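Structure data follow from structure.txt (compact mmCIF, C-alpha atoms):
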```txt
# COMPACT_ATOMS: atom_id res chain seq x y z
CA MET Y 1 -26.24 46.57 -51.45
CA LYS Y 2 -25.11 43.32 -49.89
CA ASN Y 3 -27.90 41.09 -48.67
CA THR Y 4 -26.24 40.00 -45.42
CA SER Y 5 -27.89 39.84 -42.06
CA ARG Y 6 -26.80 42.20 -39.36
CA LEU Y 7 -26.09 39.14 -37.23
CA SER Y 8 -23.78 37.41 -39.72
CA HIS Y 9 -20.71 37.98 -37.55
CA LEU Y 10 -22.47 36.14 -34.75
CA TYR Y 11 -23.32 33.24 -37.05
CA ARG Y 12 -19.67 33.02 -38.03
CA LEU Y 13 -18.69 32.98 -34.38
CA GLY Y 14 -21.30 30.32 -33.69
CA ALA Y 15 -19.98 28.20 -36.54
CA LEU Y 16 -16.48 28.55 -35.19
CA PHE Y 17 -17.65 27.40 -31.77
CA LEU Y 18 -19.46 24.45 -33.35
CA VAL Y 19 -16.32 23.41 -35.22
CA PHE Y 20 -14.33 23.70 -32.00
CA ILE Y 21 -16.83 21.65 -30.00
CA ILE Y 22 -17.05 18.93 -32.68
CA GLY Y 23 -13.25 18.88 -32.96
CA PHE Y 24 -12.96 18.58 -29.19
CA LEU Y 25 -15.45 15.71 -29.05
CA VAL Y 26 -13.70 13.87 -31.90
CA ILE Y 27 -10.26 14.23 -30.28
CA LYS Y 28 -11.69 13.21 -26.90
CA GLN Y 29 -13.32 10.13 -28.45
CA LEU Y 30 -10.10 9.14 -30.22
CA THR Y 31 -7.78 9.64 -27.25
CA THR Y 32 -9.94 8.13 -24.52
CA PRO Y 33 -9.17 4.42 -24.17
CA SER Y 34 -12.16 2.18 -24.78
CA SER Y 35 -11.67 0.54 -21.40
CA TRP Y 36 -11.90 3.87 -19.53
CA ASN Y 37 -13.96 3.48 -16.38
CA TYR Y 38 -16.02 6.66 -16.03
CA GLU Y 39 -17.31 5.73 -12.59
CA VAL Y 40 -13.99 5.33 -10.82
CA TRP Y 41 -12.01 7.26 -13.45
CA TYR Y 42 -9.24 4.95 -14.58
CA ARG Y 43 -8.12 2.95 -17.60
CA GLY Y 44 -9.67 -0.50 -17.16
CA ALA Y 45 -6.93 -2.22 -19.16
CA SER Y 46 -4.40 -1.07 -16.55
CA LEU Y 47 -6.05 -3.36 -14.00
CA ILE Y 48 -5.37 -6.33 -16.27
CA GLU Y 49 -1.82 -5.15 -16.98
CA ASN Y 50 -1.17 -4.90 -13.25
CA ALA Y 51 -2.59 -8.38 -12.66
CA ASN Y 52 -0.48 -9.92 -15.43
CA LYS Y 53 2.91 -9.08 -13.96
CA PRO Y 54 5.09 -12.18 -13.56
CA LEU Y 55 5.31 -13.88 -10.16
CA LEU Y 56 8.82 -14.31 -8.81
CA HIS Y 57 8.18 -16.01 -5.48
CA GLY Y 58 6.45 -19.38 -5.66
CA GLY Y 59 6.00 -20.03 -1.96
CA ASN Y 60 6.97 -23.15 -0.03
CA ASP Y 61 4.45 -25.31 -1.89
CA SER Y 62 6.21 -24.66 -5.18
CA CYS Y 63 9.42 -26.20 -3.75
CA LYS Y 64 7.51 -29.46 -3.25
CA THR Y 65 7.34 -30.01 -7.01
CA CYS Y 66 10.97 -31.23 -7.01
CA HIS Y 67 12.04 -31.30 -3.37
CA GLU Y 68 9.08 -32.99 -1.70
CA ASP Y 69 11.26 -34.98 0.68
CA VAL Y 70 13.16 -31.90 1.87
CA VAL Y 71 9.98 -29.83 2.36
CA LYS Y 72 8.39 -32.69 4.31
CA GLU Y 73 11.49 -33.04 6.47
CA VAL Y 74 11.78 -29.31 7.19
CA LYS Y 75 8.12 -29.22 8.23
CA LYS Y 76 9.06 -31.30 11.28
CA LEU Y 77 12.00 -29.09 12.20
CA LYS Y 78 12.42 -25.83 14.09
CA HIS Y 79 12.52 -23.59 11.05
CA LYS Y 80 9.29 -25.01 9.63
CA ARG Y 81 7.55 -21.64 9.47
CA LEU Y 82 10.24 -19.95 7.43
CA SER Y 83 9.87 -19.16 3.78
CA CYS Y 84 12.37 -21.28 1.81
CA GLU Y 85 12.87 -18.39 -0.58
CA GLY Y 86 13.84 -16.09 2.31
CA CYS Y 87 17.30 -17.71 2.37
CA HIS Y 88 17.41 -19.63 -0.92
CA GLY Y 89 16.16 -16.82 -3.16
CA PRO Y 90 13.03 -16.49 -5.29
CA LEU Y 91 11.78 -19.40 -7.39
CA ALA Y 92 11.94 -17.48 -10.68
CA ILE Y 93 15.73 -17.13 -10.32
CA HIS Y 94 16.06 -20.90 -9.73
CA VAL Y 95 13.54 -22.36 -12.20
CA ARG Y 96 12.11 -21.18 -15.51
CA GLY Y 97 9.30 -23.27 -16.93
CA ASP Y 98 10.31 -26.77 -15.87
CA GLU Y 99 14.02 -26.17 -16.30
CA LYS Y 100 16.46 -25.39 -13.52
CA ILE Y 101 18.38 -22.30 -14.53
CA ALA Y 102 20.45 -21.63 -11.41
CA ASP Y 103 21.40 -23.19 -8.11
CA ALA Y 104 19.30 -22.21 -5.13
CA LYS Y 105 22.16 -22.81 -2.72
CA VAL Y 106 22.49 -20.15 -0.03
CA ILE Y 107 25.53 -18.27 -1.25
CA ASN Y 108 25.95 -16.05 1.77
CA GLN Y 109 26.53 -18.55 4.57
CA SER Y 110 28.13 -15.98 6.84
CA ARG Y 111 26.98 -15.31 10.38
CA TRP Y 112 24.88 -12.41 9.08
CA GLN Y 113 22.44 -14.89 7.56
CA CYS Y 114 21.63 -16.17 11.06
CA LEU Y 115 22.13 -12.95 12.99
CA ASN Y 116 19.79 -11.17 10.61
CA CYS Y 117 17.01 -12.73 12.67
CA HIS Y 118 18.74 -13.88 15.83
CA GLU Y 119 20.97 -10.96 16.75
CA GLU Y 120 20.27 -9.79 20.28
CA LEU Y 121 18.22 -6.60 20.04
CA ILE Y 122 16.04 -5.05 22.73
CA SER Y 123 13.44 -4.23 20.07
CA LYS Y 124 12.62 -7.88 19.46
CA PRO Y 125 9.68 -9.62 21.09
CA LYS Y 126 10.46 -11.24 24.40
CA GLY Y 127 10.86 -14.98 24.02
CA PHE Y 128 12.25 -14.83 20.50
CA PRO Y 129 15.48 -16.88 20.48
CA GLN Y 130 18.40 -14.47 20.23
CA PHE Y 131 22.14 -14.96 20.07
CA THR Y 132 23.71 -14.55 23.45
CA SER Y 133 27.29 -14.67 24.63
CA GLU Y 134 26.05 -16.20 27.87
CA VAL Y 135 26.21 -19.59 26.17
CA GLU Y 136 29.66 -20.97 26.92
CA LYS Y 137 30.39 -22.20 23.40
CA HIS Y 138 29.52 -18.76 22.00
CA THR Y 139 32.41 -17.18 23.90
CA THR Y 140 34.96 -19.21 21.98
CA ILE Y 141 33.80 -18.36 18.45
CA GLU Y 142 36.80 -17.55 16.32
CA GLU Y 143 37.03 -15.03 13.51
CA GLY Y 144 35.46 -16.38 10.33
CA GLU Y 145 33.67 -19.25 12.03
CA THR Y 146 30.08 -19.67 10.91
CA CYS Y 147 27.11 -20.71 13.03
CA LEU Y 148 26.72 -23.75 10.78
CA LYS Y 149 29.77 -25.33 12.44
CA CYS Y 150 27.51 -26.33 15.33
CA HIS Y 151 23.96 -25.49 14.22
CA ASP Y 152 21.87 -26.93 11.41
CA ALA Y 153 20.28 -24.21 9.28
CA HIS Y 154 16.99 -26.09 9.00
CA ASP Y 155 16.90 -27.24 12.60
CA PRO Y 156 18.96 -24.91 14.77
CA THR Y 157 18.27 -26.49 18.13
CA PRO Y 158 20.54 -24.80 20.67
CA MET Z 1 -49.33 57.12 -0.12
CA LYS Z 2 -48.39 53.73 -1.46
CA LYS Z 3 -46.22 55.29 -4.11
CA THR Z 4 -44.48 57.46 -1.56
CA ASN Z 5 -43.76 54.46 0.61
CA SER Z 6 -42.28 52.56 -2.29
CA ASP Z 7 -40.08 55.48 -3.26
CA SER Z 8 -38.85 56.23 0.21
CA SER Z 9 -37.96 52.64 1.12
CA PRO Z 10 -35.01 50.92 -0.55
CA LEU Z 11 -36.96 47.67 -0.26
CA GLY Z 12 -40.20 48.59 -2.01
CA SER Z 13 -43.02 46.10 -2.51
CA LYS Z 14 -41.73 45.14 -5.96
CA SER Z 15 -38.08 44.74 -4.99
CA ARG Z 16 -39.11 42.79 -1.92
CA ARG Z 17 -41.02 40.35 -4.11
CA VAL Z 18 -38.01 39.96 -6.38
CA PHE Z 19 -35.76 39.53 -3.39
CA LEU Z 20 -37.94 36.80 -1.91
CA LYS Z 21 -38.18 35.06 -5.28
CA GLN Z 22 -34.42 35.06 -5.55
CA ILE Z 23 -34.08 33.69 -2.04
CA VAL Z 24 -36.49 30.85 -2.78
CA SER Z 25 -34.93 29.94 -6.15
CA GLY Z 26 -31.41 30.21 -4.73
CA THR Z 27 -32.28 27.91 -1.84
CA ALA Z 28 -33.91 25.44 -4.21
CA THR Z 29 -30.86 25.43 -6.50
CA THR Z 30 -28.49 24.97 -3.57
CA LEU Z 31 -30.57 22.12 -2.21
CA MET Z 32 -30.66 20.45 -5.61
CA ILE Z 33 -26.91 20.72 -6.06
CA TYR Z 34 -26.37 19.46 -2.52
CA ALA Z 35 -28.79 16.56 -3.01
CA SER Z 36 -27.24 15.48 -6.31
CA GLY Z 37 -23.73 15.87 -4.88
CA ALA Z 38 -24.61 13.87 -1.80
CA ARG Z 39 -26.07 11.11 -3.96
CA GLY Z 40 -22.91 10.99 -6.05
CA GLY Z 41 -20.75 10.86 -2.95
CA HIS Z 42 -22.82 8.07 -1.50
CA LYS Z 43 -22.45 6.09 -4.72
CA ILE Z 44 -18.66 6.38 -4.63
CA ALA Z 45 -18.53 5.48 -0.96
CA ARG Z 46 -20.65 2.43 -1.61
CA MET Z 47 -18.44 1.36 -4.47
CA TRP Z 48 -15.31 1.69 -2.37
CA LYS Z 49 -16.80 -0.45 0.32
CA GLN Z 50 -16.90 -3.20 -2.32
CA LYS Z 51 -20.42 -4.30 -1.55
CA SER Z 52 -20.78 -6.12 -4.84
CA THR Z 53 -17.32 -7.60 -5.32
CA LYS Z 54 -16.23 -11.13 -4.56
CA HIS Z 55 -13.42 -10.13 -2.21
CA HIS Z 56 -12.61 -7.37 0.25
CA TRP Z 57 -8.95 -7.64 1.07
CA ALA Z 58 -7.40 -6.50 4.31
CA TYR Z 59 -3.89 -6.52 5.76
CA ILE Z 60 -3.05 -6.97 9.40
CA ILE Z 61 0.26 -6.14 11.06
CA ASP Z 62 0.98 -7.55 14.49
CA VAL Z 63 3.62 -5.21 15.91
CA GLY Z 64 4.41 -7.52 18.83
CA LYS Z 65 5.56 -10.31 16.50
CA CYS Z 66 7.90 -8.35 14.23
CA ILE Z 67 11.58 -9.27 14.67
CA GLY Z 68 12.83 -6.67 12.19
CA TRP Z 69 14.81 -9.07 10.01
CA GLY Z 70 13.80 -7.24 6.83
CA GLY Z 71 13.11 -10.36 4.78
CA CYS Z 72 9.74 -8.87 3.85
CA VAL Z 73 11.44 -5.78 2.45
CA ARG Z 74 13.91 -7.92 0.47
CA ALA Z 75 11.15 -10.17 -0.88
CA CYS Z 76 9.19 -7.09 -1.97
CA ARG Z 77 12.22 -5.60 -3.71
CA GLN Z 78 12.78 -8.78 -5.71
CA GLU Z 79 9.16 -9.51 -6.46
CA ASN Z 80 8.34 -6.02 -7.64
CA ASP Z 81 11.72 -4.99 -9.06
CA VAL Z 82 12.06 -2.01 -6.71
CA PRO Z 83 15.24 0.00 -7.42
CA GLU Z 84 17.90 0.92 -4.85
CA GLY Z 85 17.18 3.87 -2.61
CA VAL Z 86 13.40 3.54 -2.58
CA THR Z 87 11.12 0.99 -0.98
CA ARG Z 88 7.49 -0.06 -1.13
CA THR Z 89 7.40 -1.46 2.37
CA TRP Z 90 9.75 -0.72 5.20
CA VAL Z 91 10.32 -1.53 8.86
CA GLU Z 92 10.85 1.22 11.43
CA ARG Z 93 12.56 0.72 14.77
CA TYR Z 94 11.14 2.82 17.58
CA VAL Z 95 13.11 3.44 20.73
CA VAL Z 96 11.13 5.24 23.43
CA THR Z 97 13.20 7.08 26.04
CA GLU Z 98 12.44 9.78 28.58
CA ASP Z 99 14.11 12.32 26.28
CA GLY Z 100 11.97 11.44 23.31
CA VAL Z 101 11.28 8.82 20.70
CA TYR Z 102 14.05 7.69 18.34
CA VAL Z 103 13.07 6.16 15.01
CA ASP Z 104 15.38 4.62 12.44
CA SER Z 105 14.94 2.53 9.33
CA PRO Z 106 18.30 1.98 7.59
CA LYS Z 107 17.62 1.03 3.95
CA GLY Z 108 13.99 0.48 4.95
CA GLY Z 109 15.20 -2.29 7.25
CA ALA Z 110 16.14 -4.42 4.23
CA GLU Z 111 19.37 -5.60 5.83
CA GLY Z 112 18.10 -5.89 9.37
CA PHE Z 113 19.09 -3.61 12.22
CA GLU Z 114 22.39 -2.96 13.97
CA PRO Z 115 22.37 -3.14 17.78
CA LEU Z 116 21.55 0.13 19.52
CA SER Z 117 24.33 2.24 21.01
CA GLU Z 118 25.01 1.42 24.67
CA ASP Z 119 23.85 4.90 25.64
CA LEU Z 120 20.49 4.55 23.91
CA LYS Z 121 20.09 0.99 25.10
CA GLU Z 122 20.37 2.15 28.69
CA LYS Z 123 17.94 5.01 28.25
CA ALA Z 124 15.34 2.93 26.39
CA ILE Z 125 12.04 2.44 28.16
CA LYS Z 126 10.73 0.27 25.36
CA SER Z 127 11.61 -0.54 21.78
CA PHE Z 128 9.80 -2.27 18.95
CA PHE Z 129 9.62 -2.70 15.17
CA VAL Z 130 6.76 -1.32 13.08
CA PRO Z 131 6.37 -2.56 9.50
CA LYS Z 132 4.80 0.06 7.25
CA MET Z 133 3.46 0.22 3.71
CA CYS Z 134 0.61 1.60 1.64
CA ASN Z 135 -2.59 1.45 3.68
CA HIS Z 136 -4.85 0.96 0.64
CA CYS Z 137 -7.30 3.49 2.08
CA GLU Z 138 -11.04 3.33 1.51
CA ASN Z 139 -10.86 7.02 0.70
CA PRO Z 140 -7.35 7.49 -0.72
CA PRO Z 141 -6.05 11.09 -0.86
CA CYS Z 142 -3.51 10.06 -3.53
CA VAL Z 143 -6.33 9.05 -5.88
CA GLN Z 144 -8.22 12.28 -5.28
CA VAL Z 145 -5.28 14.46 -6.31
CA CYS Z 146 -4.21 12.58 -9.45
CA PRO Z 147 -4.93 14.92 -12.37
CA VAL Z 148 -4.97 12.21 -15.05
CA GLY Z 149 -6.69 9.23 -13.46
CA ALA Z 150 -3.43 7.31 -13.38
CA THR Z 151 -4.00 6.01 -9.87
CA TYR Z 152 -7.20 4.40 -8.76
CA LYS Z 153 -8.93 2.21 -6.24
CA SER Z 154 -9.64 -1.14 -7.87
CA PRO Z 155 -13.03 -2.75 -7.19
CA GLU Z 156 -11.46 -5.22 -4.77
CA GLY Z 157 -9.69 -2.58 -2.73
CA PHE Z 158 -6.20 -2.31 -4.23
CA VAL Z 159 -4.89 1.20 -4.78
CA LEU Z 160 -2.92 0.84 -8.03
CA VAL Z 161 -0.92 2.97 -10.45
CA ASP Z 162 -1.36 3.02 -14.22
CA ASN Z 163 2.25 3.26 -15.39
CA ASP Z 164 1.24 4.27 -18.92
CA TYR Z 165 -0.87 7.21 -17.77
CA CYS Z 166 1.23 8.50 -14.88
CA LEU Z 167 2.94 11.81 -15.64
CA GLY Z 168 5.25 11.63 -12.63
CA CYS Z 169 3.94 14.93 -11.23
CA ALA Z 170 4.25 13.55 -7.69
CA TYR Z 171 1.06 15.16 -6.36
CA CYS Z 172 0.15 11.75 -4.96
CA VAL Z 173 3.54 11.48 -3.24
CA GLN Z 174 2.72 14.72 -1.40
CA ALA Z 175 -0.87 13.75 -0.71
CA CYS Z 176 -0.17 10.42 0.98
CA PRO Z 177 -0.24 10.95 4.76
CA TYR Z 178 1.72 7.72 5.26
CA GLY Z 179 4.67 8.51 2.97
CA ALA Z 180 3.99 5.27 1.14
CA ARG Z 181 4.49 6.64 -2.37
CA PHE Z 182 7.63 7.58 -4.28
CA ILE Z 183 8.71 8.35 -7.81
CA ASN Z 184 10.43 5.32 -9.30
CA PRO Z 185 13.93 6.55 -10.23
CA GLU Z 186 14.09 4.19 -13.24
CA LYS Z 187 10.58 4.38 -14.66
CA HIS Z 188 9.97 8.02 -13.62
CA VAL Z 189 6.42 7.27 -12.62
CA SER Z 190 4.72 7.04 -9.26
CA ASP Z 191 5.30 3.74 -7.49
CA LYS Z 192 3.84 2.16 -4.41
CA CYS Z 193 2.91 -1.07 -2.70
CA THR Z 194 0.21 -2.92 -4.66
CA TRP Z 195 -0.40 -5.59 -1.99
CA CYS Z 196 1.20 -7.74 -4.72
CA HIS Z 197 -1.99 -7.41 -6.79
CA HIS Z 198 -0.54 -9.80 -9.43
CA ARG Z 199 0.09 -12.47 -6.78
CA VAL Z 200 -3.27 -12.12 -5.06
CA LYS Z 201 -5.03 -12.34 -8.43
CA ASN Z 202 -3.17 -15.63 -8.97
CA GLY Z 203 -4.33 -17.00 -5.64
CA ARG Z 204 -1.14 -16.29 -3.71
CA GLN Z 205 -0.29 -14.07 -0.76
CA PRO Z 206 1.75 -10.87 -1.07
CA ALA Z 207 5.51 -11.56 -1.13
CA CYS Z 208 6.09 -9.82 2.23
CA VAL Z 209 3.40 -11.93 3.91
CA GLU Z 210 4.88 -15.17 2.57
CA ALA Z 211 8.35 -14.09 3.69
CA CYS Z 212 7.36 -13.26 7.27
CA PRO Z 213 8.59 -16.04 9.60
CA THR Z 214 6.64 -14.88 12.65
CA SER Z 215 3.24 -14.14 11.06
CA ALA Z 216 3.55 -10.48 11.92
CA ARG Z 217 2.01 -9.75 8.53
CA ILE Z 218 -1.34 -11.32 7.68
CA PHE Z 219 -3.34 -10.81 4.51
CA GLY Z 220 -6.81 -12.08 3.78
CA ASP Z 221 -10.35 -11.63 2.60
CA LEU Z 222 -12.90 -9.92 4.84
CA LYS Z 223 -15.70 -11.40 2.73
CA ASP Z 224 -14.71 -14.84 3.97
CA PRO Z 225 -16.00 -15.04 7.56
CA GLU Z 226 -13.62 -17.92 8.32
CA SER Z 227 -10.46 -16.11 7.22
CA GLU Z 228 -7.85 -15.16 9.79
CA VAL Z 229 -8.27 -11.43 9.11
CA SER Z 230 -12.04 -11.67 9.65
CA HIS Z 231 -11.52 -13.37 13.01
CA ILE Z 232 -8.91 -10.86 14.12
CA LEU Z 233 -10.95 -7.83 13.09
CA GLN Z 234 -14.08 -9.19 14.74
CA GLU Z 235 -12.52 -10.36 17.97
CA GLY Z 236 -9.18 -8.60 18.36
CA ILE Z 237 -8.23 -5.10 19.42
CA TRP Z 238 -6.79 -3.22 16.51
CA THR Z 239 -6.12 0.27 15.28
CA VAL Z 240 -5.07 2.05 12.11
CA LEU Z 241 -2.40 4.65 11.43
CA ARG Z 242 -3.54 8.29 11.62
CA PRO Z 243 -7.26 7.68 12.06
CA SER Z 244 -7.83 11.44 12.26
CA MET Z 245 -7.04 11.73 8.55
CA HIS Z 246 -10.30 9.85 7.77
CA THR Z 247 -8.61 7.93 4.98
CA GLY Z 248 -10.08 4.63 6.13
CA PRO Z 249 -6.92 2.48 5.93
CA SER Z 250 -7.26 -1.20 5.07
CA CYS Z 251 -4.06 -2.01 6.97
CA PHE Z 252 -4.90 -2.78 10.55
CA TYR Z 253 -2.37 -2.83 13.38
CA ILE Z 254 -2.46 -5.03 16.44
CA GLY Z 255 -0.61 -3.86 19.52
CA LEU Z 256 0.40 -0.52 18.05
CA PRO Z 257 2.03 1.59 20.77
CA ARG Z 258 0.84 5.17 21.08
CA GLU Z 259 4.24 6.61 20.08
CA VAL Z 260 3.84 5.41 16.48
CA ILE Z 261 2.81 8.02 13.96
```

If you took the structure in this file and wrote it as structure tokens, what would it be?
Amino acid sequence: MKNTSRLSHLYRLGALFLVFIIGFLVIKQLTTPSSWNYEVWYRGASLIENANKPLLHGGNDSCKTCHEDVVKEVKKLKHKRLSCEGCHGPLAIHVRGDEKIADAKVINQSRWQCLNCHEELISKPKGFPQFTSEVEKHTTIEEGETCLKCHDAHDPTP
Amino acid sequence: MKKTNSDSSPLGSKSRRVFLKQIVSGTATTLMIYASGARGGHKIARMWKQKSTKHHWAYIIDVGKCIGWGGCVRACRQENDVPEGVTRTWVERYVVTEDGVYVDSPKGGAEGFEPLSEDLKEKAIKSFFVPKMCNHCENPPCVQVCPVGATYKSPEGFVLVDNDYCLGCAYCVQACPYGARFINPEKHVSDKCTWCHHRVKNGRQPACVEACPTSARIFGDLKDPESEVSHILQEGIWTVLRPSMHTGPSCFYIGLPREVI
């Protein structure tokens, strides 16, 4: 006669459960990143990864590094509140490290560049200077003529 | 007599005692679960209000100043490498007429807006531009639905995406009441405005804020009582988008007309 308990099948089942639970805990431990934030439930390292993305726009102050005279001059003019990079493109495309890698000249000097802001639209705030054909000189604009023929891009006094 | 009573009544003295016991223990258990749950909830709420962090960022949009040039959208696209066809921030043009409200946002407003048709122009009662983006809610529905913890509210108030953990299931895209999320067609993960987290962490302003020529977009720290956002929120009249959703947006609008949804 075999000397096995009547509950041996339950012990086997219990052992199986134990193995499963231990296996689960081991896998969980191995696959959970060490930086996991259990309070807010996210991978802490992702916060650092997000913060370490490269900056493309340097802001107007970054232009001062090489073009201090121009930045100073523009600050006195009508377009002083504009972002240089809005027309000239982001800093990272123009400079890498301390080296100039590409020209920051405004390639698209068409009328769109000006009308992008100054086109007459009823949705714009009242008082914002908008292109109007009521100005006499505006009625004689020929095809292909740019605004820069009469206006200065940095100081577009009417 | 007693025995007879107990037999005849479905609620005998014994079963009544058991019943009352169960009621008492059930109530106690419910109260305990409720109390522990409420404590947990309070903890999360406190954390999201950033009581202990150095900064509490906020974004203000002044609708009356927006000229709809779309430079903010272009700056965002370049700064964050946003592919064609999707956008992290966009500008909507509202035209209110007696027949209804017309809204358009061609390419998210990235190339500005064409003049209205003569017909619409005549019918228009009022018209204005509304810049929109992720509201970085205090209680973000997109974070609640993420099954893998790939999107989260950072301690300083940024709602961010973990590109390595995102499955691209798009639950968050559906959950966002502001339509601010999308699946990046190149990376195949959820994408959204980060308030230029990488720029702010480096002491700069978000790209859209720096690009705005009329100061329609303002970004700042509510922990600094002298910051522009602090002054505006303390003294100005502001609102948020869809307050009834109880998401607690951190983007505040000044001069938002009632037609905007």

Practice item. For chain Z, report every residue with an atom at most 7 Å from chain Y (counting only C-alpha atoms), formatted as JSON, numbers by chain. Key: {"Z": [64, 65, 67, 69, 71, 79, 112, 115, 127, 128, 129, 149, 150, 152, 162, 197, 198, 199, 201, 207, 210, 211, 213]}

Review point. Which residues come within 10 Å of Gly144 (chain Y), counting all atoms listed in the file, excluding same-chain residues fewer than 3 positions away, as a PyMOL selection string?
Key: chain Y and resi 110-111+141+147

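Taking only C-alpha atoms into account, Glu111 (chain Z) lies nearest to Z:Trp90 out of the set Z:Trp90, Z:Trp238, Z:Tyr171, Z:Tyr59.
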
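The coordinates place CA of Val260 (chain Z) at 9.3 Å from CA of Arg242 (chain Z).
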
Check your understanding: Can you tell me, as JSON, numbers by chain, what residues are no more than 12 Å from Arg217 (chain Z) when counting all atoms listed in the file, ignoring any on the same chain fewer than 2 positions away?
Key -> {"Z": [58, 59, 60, 61, 62, 63, 64, 65, 66, 67, 68, 71, 72, 73, 89, 91, 130, 131, 132, 133, 195, 205, 206, 207, 208, 209, 210, 211, 212, 213, 214, 215, 219, 220, 228, 229, 251, 252, 253, 254]}

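You will find CA of Val189 (chain Z) at 8.3 Å from CA of Ala170 (chain Z).
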
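From CA of Asn139 (chain Z) back to CA of Met32 (chain Z), the distance works out to 24.7 Å.
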
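The smallest atom-to-atom distance between Val148 (chain Z) and any of Z:Ala175, Z:Ala216, Z:Cys169, Z:Leu20, using all atoms listed in the file, is found for Z:Cys169.
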